[in-house]
Structure formats: structure tokens, C-alpha cells
$ cat input04.cif   # mmCIF, C-alpha atoms
data_data
#
loop_
_atom_site.label_atom_id
_atom_site.label_comp_id
_atom_site.auth_asym_id
_atom_site.auth_seq_id
_atom_site.Cartn_x
_atom_site.Cartn_y
_atom_site.Cartn_z
CA GLN Z 1 11.10 247.33 219.28
CA PHE Z 2 14.25 249.33 218.67
CA CYS Z 3 16.36 246.24 219.20
CA ASP Z 4 14.19 244.22 216.85
CA ASP Z 5 14.36 246.89 214.16
CA THR Z 6 18.07 247.30 214.61
CA SER Z 7 18.55 243.55 214.62
CA VAL Z 8 16.61 243.16 211.36
CA GLU Z 9 18.51 246.02 209.73
CA LYS Z 10 21.83 244.61 210.83
CA LYS Z 11 20.93 241.13 209.55
CA ARG Z 12 19.86 242.60 206.23
CA ALA Z 13 23.07 244.68 206.05
CA ILE Z 14 25.09 241.57 206.88
CA GLU Z 15 23.30 239.57 204.17
CA GLU Z 16 23.84 242.38 201.63
CA ALA Z 17 27.49 242.63 202.64
CA ALA Z 18 27.85 238.84 202.34
CA GLU Z 19 26.32 238.97 198.84
CA THR Z 20 28.64 241.82 197.92
CA ILE Z 21 31.60 239.85 199.30
CA ASP Z 22 30.57 236.81 197.24
CA MET Z 23 30.21 238.96 194.11
CA LEU Z 24 33.56 240.59 194.74
CA LYS Z 25 35.19 237.18 195.30
CA ALA Z 26 33.71 235.98 192.00
CA ASP Z 27 34.97 239.14 190.27
CA ILE Z 28 38.42 238.60 191.81
CA ALA Z 29 38.46 235.00 190.58
CA LYS Z 30 37.37 236.10 187.10
CA TYR Z 31 39.94 238.90 186.93
CA THR Z 32 42.66 236.56 188.21
CA SER Z 33 41.77 234.09 185.48
CA ASP Z 34 41.72 236.90 182.88
CA ALA Z 35 45.10 238.13 184.13
CA ALA Z 36 46.58 234.64 183.78
CA THR Z 37 45.16 234.28 180.26
CA LEU Z 38 46.44 237.71 179.26
CA GLY Z 39 49.82 236.91 180.82
CA LYS Z 40 50.08 233.84 178.58
CA GLU Z 41 49.10 235.91 175.54
CA ILE Z 42 51.69 238.55 176.43
CA ALA Z 43 54.35 235.85 176.77
CA GLY Z 44 53.37 234.54 173.31
CA HIS Z 45 53.54 238.03 171.85
CA ASP Z 46 56.92 238.62 173.50
CA GLU Z 47 58.18 235.42 171.88
CA ASP Z 48 56.82 236.55 168.50
CA ILE Z 49 58.50 239.92 168.88
CA SER Z 50 61.77 238.22 169.77
CA VAL Z 51 61.56 236.00 166.68
CA TRP Z 52 60.66 238.97 164.46
CA ASN Z 53 63.57 241.00 165.83
CA GLY Z 54 65.90 238.08 165.07
CA ASP Z 55 64.48 237.82 161.54
CA LYS Z 56 64.88 241.56 161.08
CA LYS Z 57 68.50 241.41 162.26
CA ALA Z 58 69.26 238.49 159.92
CA ALA Z 59 67.58 240.22 156.97
CA THR Z 60 69.48 243.42 157.68
CA SER Z 61 72.74 241.47 157.80
CA VAL Z 62 71.96 239.80 154.46
CA ARG Z 63 71.06 243.16 152.91
CA GLU Z 64 74.33 244.68 154.16
CA ILE Z 65 76.31 241.80 152.64
CA GLU Z 66 74.40 242.07 149.36
CA LYS Z 67 74.94 245.85 149.31
CA ALA Z 68 78.67 245.39 149.87
CA ASP Z 69 78.77 242.87 147.01
CA TYR Z 70 76.78 245.22 144.78
CA ASP Z 71 79.02 248.19 145.64
CA ALA Z 72 82.15 246.18 144.83
CA LEU Z 73 80.66 244.95 141.55
CA HIS Z 74 79.44 248.44 140.65
CA LYS Z 75 82.89 249.87 141.36
CA ASP Z 76 84.49 247.18 139.21
CA TYR Z 77 82.05 247.81 136.34
CA SER Z 78 82.49 251.57 136.65
CA GLU Z 79 86.27 251.22 136.50
CA SER Z 80 85.96 248.90 133.50
CA VAL Z 81 83.67 251.29 131.66
CA ASP Z 82 86.00 254.18 132.42
CA ALA Z 83 88.99 252.19 131.18
CA LEU Z 84 87.12 251.24 128.00
CA GLN Z 85 86.17 254.87 127.38
CA ARG Z 86 89.80 255.95 127.77
CA ALA Z 87 90.93 253.09 125.50
CA VAL Z 88 88.40 254.10 122.83
CA ALA Z 89 89.62 257.68 123.04
CA VAL Z 90 93.23 256.53 122.61
CA LEU Z 91 92.29 254.28 119.69
CA LYS Z 92 90.39 257.12 118.02
CA LYS Z 93 93.47 259.34 118.31
CA MET Z 94 95.65 256.58 116.83
CA ALA Z 95 93.21 255.64 114.03
CA HIS Z 96 94.82 257.82 111.34
CA ASN Z 97 97.50 256.46 108.99
CA ARG Z 98 97.48 252.99 110.48
CA PRO Z 99 98.72 250.19 108.24
CA GLN Z 100 96.51 247.14 107.89
CA SER Z 101 98.58 245.04 110.25
CA SER Z 102 95.56 244.28 112.40
CA LEU Z 103 94.05 242.14 109.62
CA ALA Z 104 97.33 240.27 109.38
CA GLN Z 105 97.21 239.65 113.09
CA VAL Z 106 93.65 238.33 112.78
CA SER Z 107 94.60 236.00 109.94
CA ALA Z 108 97.53 234.73 112.03
CA LEU Z 109 94.98 233.47 114.57
CA GLN Z 110 93.90 230.80 112.11
CA SER Z 111 97.15 228.92 112.47
CA LEU Z 112 96.77 228.51 116.23
CA ARG Z 113 95.55 225.14 117.45
CA LEU Z 114 93.83 226.71 120.44
CA ILE Z 115 91.28 228.44 118.23
CA PRO Z 116 88.19 226.24 117.62
CA ASP Z 117 87.30 225.37 114.01
CA GLU Z 118 84.06 227.32 114.23
CA ALA Z 119 85.97 230.45 115.24
CA LYS Z 120 88.45 229.88 112.39
CA LYS Z 121 85.56 229.72 109.92
CA ALA Z 122 84.18 232.97 111.33
CA ILE Z 123 87.61 234.62 110.97
CA ASP Z 124 87.86 233.33 107.37
CA ALA Z 125 84.45 234.72 106.51
CA PHE Z 126 85.31 238.03 108.14
CA LEU Z 127 88.51 238.37 106.19
CA GLN Z 128 86.84 237.46 102.88
CA ASN Z 129 83.73 239.58 103.26
CA GLY Z 130 85.15 242.34 105.41
CA GLN Z 131 82.37 241.82 107.90
CA GLU Z 132 81.38 239.36 110.59
CA PRO Z 133 79.08 236.50 109.47
CA GLU Z 134 75.67 236.14 111.06
CA GLY Z 135 74.96 233.13 113.21
#

$ encode --input "input04.cif" --output "C-alpha cells"
Amino acid sequence: QFCDDTSVEKKRAIEEAAETIDMLKADIAKYTSDAATLGKEIAGHDEDISVWNGDKKAATSVREIEKADYDALHKDYSESVDALQRAVAVLKKMAHNRPQSSLAQVSALQSLRLIPDEAKKAIDAFLQNGQEPEG
């Protein structure tokens, strides 16, 4: 009887162990498949990250070039504005007791061939009216 009971228990334990082994093998196969799928997704994400880092580097380079261009242009404009302010100050100091030679210089422009006819008409109108014509 003991042998029969032990034999039945051992067979049942073996069957349960075999079922557990089959379940574990199925789980292993599923997890292996999941790992392969996730590995492919990770590779795709790594590629995306690589592309984005390249885009970021290119955009940063463009921004640095544009900033350098802006800084140079800003410096040029600042120097020009400063020079104009100094020139205005000098002209304001020299504005007293100035003979009207500047109008003579303007009227001398009319004899130049390089000046377009439209500009000559504007100079004429300015000299006659003492102000610049509209239009």
C-alpha cells in the first residue's frame, strides 16, 4: 500500500512538475519574443535619438552662425549711430554764422549728368520752395 500511495504521489508530482515545466517554457518563449520586440523598439528609439542629436547639433550651429552675423551687424549699426550722433553734435556746434554755400552746392548738383532728371526736378523744387516736394 505504501508503495502504491508513494507511486501515485510521485506520478502526480511528476505530472504537476511537467505542467509547470511546460508553462515555464511557454513563459520563456513569450518573454524571449517580448525581449526581441523590445530590442527592435530600442534600436529604433536609439536611431531616432541619434537623428535628433544630429538635428540639434545642426540647429545649434546655424544659430551660432546667425548670432555671429547679428552681432557683427549690430556692432556696425551701433558704430554708425554713434558716428552720426557725433557728426550731428559737430554740425550743431558749427551751425552758427554759416554762409549759404550749402544751397549753392546743392544747385551745382543739377549740372551733373549722373543725377537723374527726377532728382534734378526734386532739387529744383527744393531750392524754389525751400522745402522738399512730396512724392

$ axis_aligned_box --input "input04.cif" --around "stretch 74-82 of chain Z" --padding-each-side "4 Å" --output "AutoDock Vina command-line options"
--center_x 82.9 --center_y 250.7 --center_z 136.5 --size_x 14.8 --size_y 15.0 --size_z 17.7

$ atom_distance --input "input04.cif" --atom1 "atom CA of Z:Gly54" --atom2 "atom CA of Z:Gly39"
22.5 Å

$ atom_distance --input "input04.cif" --atom1 "atom CA of Z:Ser50" --atom2 "atom CA of Z:Ala35"
22.0 Å

$ build_atoms --input "input04.cif" --residues "stretch 50-72 of chain Z" --atoms "N, CA, C and O atoms" --output "compact mmCIF listing (two decimals), keeping the file's coordinate frame"
# COMPACT_ATOMS: atom_id res chain seq x y z
N SER Z 50 60.38 238.66 169.73
CA SER Z 50 61.77 238.22 169.77
C SER Z 50 62.17 237.55 168.45
O SER Z 50 63.24 237.83 167.89
N VAL Z 51 61.28 236.68 167.94
CA VAL Z 51 61.56 236.00 166.68
C VAL Z 51 61.63 237.02 165.54
O VAL Z 51 62.52 236.98 164.69
N TRP Z 52 60.68 237.96 165.53
CA TRP Z 52 60.66 238.97 164.46
C TRP Z 52 61.90 239.85 164.51
O TRP Z 52 62.44 240.22 163.47
N ASN Z 53 62.35 240.19 165.72
CA ASN Z 53 63.57 241.00 165.83
C ASN Z 53 64.78 240.22 165.31
O ASN Z 53 65.66 240.78 164.65
N GLY Z 54 64.82 238.92 165.60
CA GLY Z 54 65.90 238.08 165.07
C GLY Z 54 65.85 238.01 163.55
O GLY Z 54 66.88 238.11 162.88
N ASP Z 55 64.64 237.85 163.00
CA ASP Z 55 64.48 237.82 161.54
C ASP Z 55 64.91 239.14 160.93
O ASP Z 55 65.56 239.18 159.89
N LYS Z 56 64.52 240.23 161.59
CA LYS Z 56 64.88 241.56 161.08
C LYS Z 56 66.40 241.74 161.08
O LYS Z 56 66.98 242.23 160.11
N LYS Z 57 67.04 241.28 162.16
CA LYS Z 57 68.50 241.41 162.26
C LYS Z 57 69.18 240.57 161.18
O LYS Z 57 70.12 241.02 160.53
N ALA Z 58 68.67 239.36 160.95
CA ALA Z 58 69.26 238.49 159.92
C ALA Z 58 69.05 239.09 158.53
O ALA Z 58 69.97 239.10 157.71
N ALA Z 59 67.85 239.61 158.27
CA ALA Z 59 67.58 240.22 156.97
C ALA Z 59 68.44 241.45 156.75
O ALA Z 59 68.96 241.67 155.65
N THR Z 60 68.62 242.23 157.79
CA THR Z 60 69.48 243.42 157.68
C THR Z 60 70.92 243.01 157.38
O THR Z 60 71.59 243.62 156.56
N SER Z 61 71.38 241.96 158.04
CA SER Z 61 72.74 241.47 157.80
C SER Z 61 72.89 241.01 156.36
O SER Z 61 73.89 241.33 155.69
N VAL Z 62 71.91 240.27 155.86
CA VAL Z 62 71.96 239.80 154.46
C VAL Z 62 71.97 240.98 153.51
O VAL Z 62 72.73 241.02 152.55
N ARG Z 63 71.11 241.98 153.79
CA ARG Z 63 71.06 243.16 152.91
C ARG Z 63 72.40 243.91 152.92
O ARG Z 63 72.84 244.41 151.89
N GLU Z 64 73.03 243.99 154.09
CA GLU Z 64 74.33 244.68 154.16
C GLU Z 64 75.38 243.93 153.34
O GLU Z 64 76.18 244.54 152.65
N ILE Z 65 75.36 242.60 153.42
CA ILE Z 65 76.31 241.80 152.64
C ILE Z 65 76.05 241.98 151.16
O ILE Z 65 76.97 242.18 150.35
N GLU Z 66 74.75 241.91 150.78
CA GLU Z 66 74.40 242.07 149.36
C GLU Z 66 74.76 243.47 148.86
O GLU Z 66 75.21 243.64 147.74
N LYS Z 67 74.58 244.48 149.71
CA LYS Z 67 74.94 245.85 149.31
C LYS Z 67 76.45 245.97 149.12
O LYS Z 67 76.91 246.59 148.16
N ALA Z 68 77.21 245.36 150.01
CA ALA Z 68 78.67 245.39 149.87
C ALA Z 68 79.09 244.71 148.57
O ALA Z 68 79.96 245.22 147.84
N ASP Z 69 78.47 243.56 148.27
CA ASP Z 69 78.77 242.87 147.01
C ASP Z 69 78.40 243.73 145.82
O ASP Z 69 79.16 243.84 144.86
N TYR Z 70 77.22 244.35 145.88
CA TYR Z 70 76.78 245.22 144.78
C TYR Z 70 77.73 246.39 144.62
O TYR Z 70 78.13 246.73 143.50
N ASP Z 71 78.11 247.04 145.72
CA ASP Z 71 79.02 248.19 145.64
C ASP Z 71 80.35 247.79 145.02
O ASP Z 71 80.89 248.53 144.18
N ALA Z 72 80.88 246.64 145.40
CA ALA Z 72 82.15 246.18 144.83
C ALA Z 72 81.99 245.91 143.34
O ALA Z 72 82.85 246.30 142.53
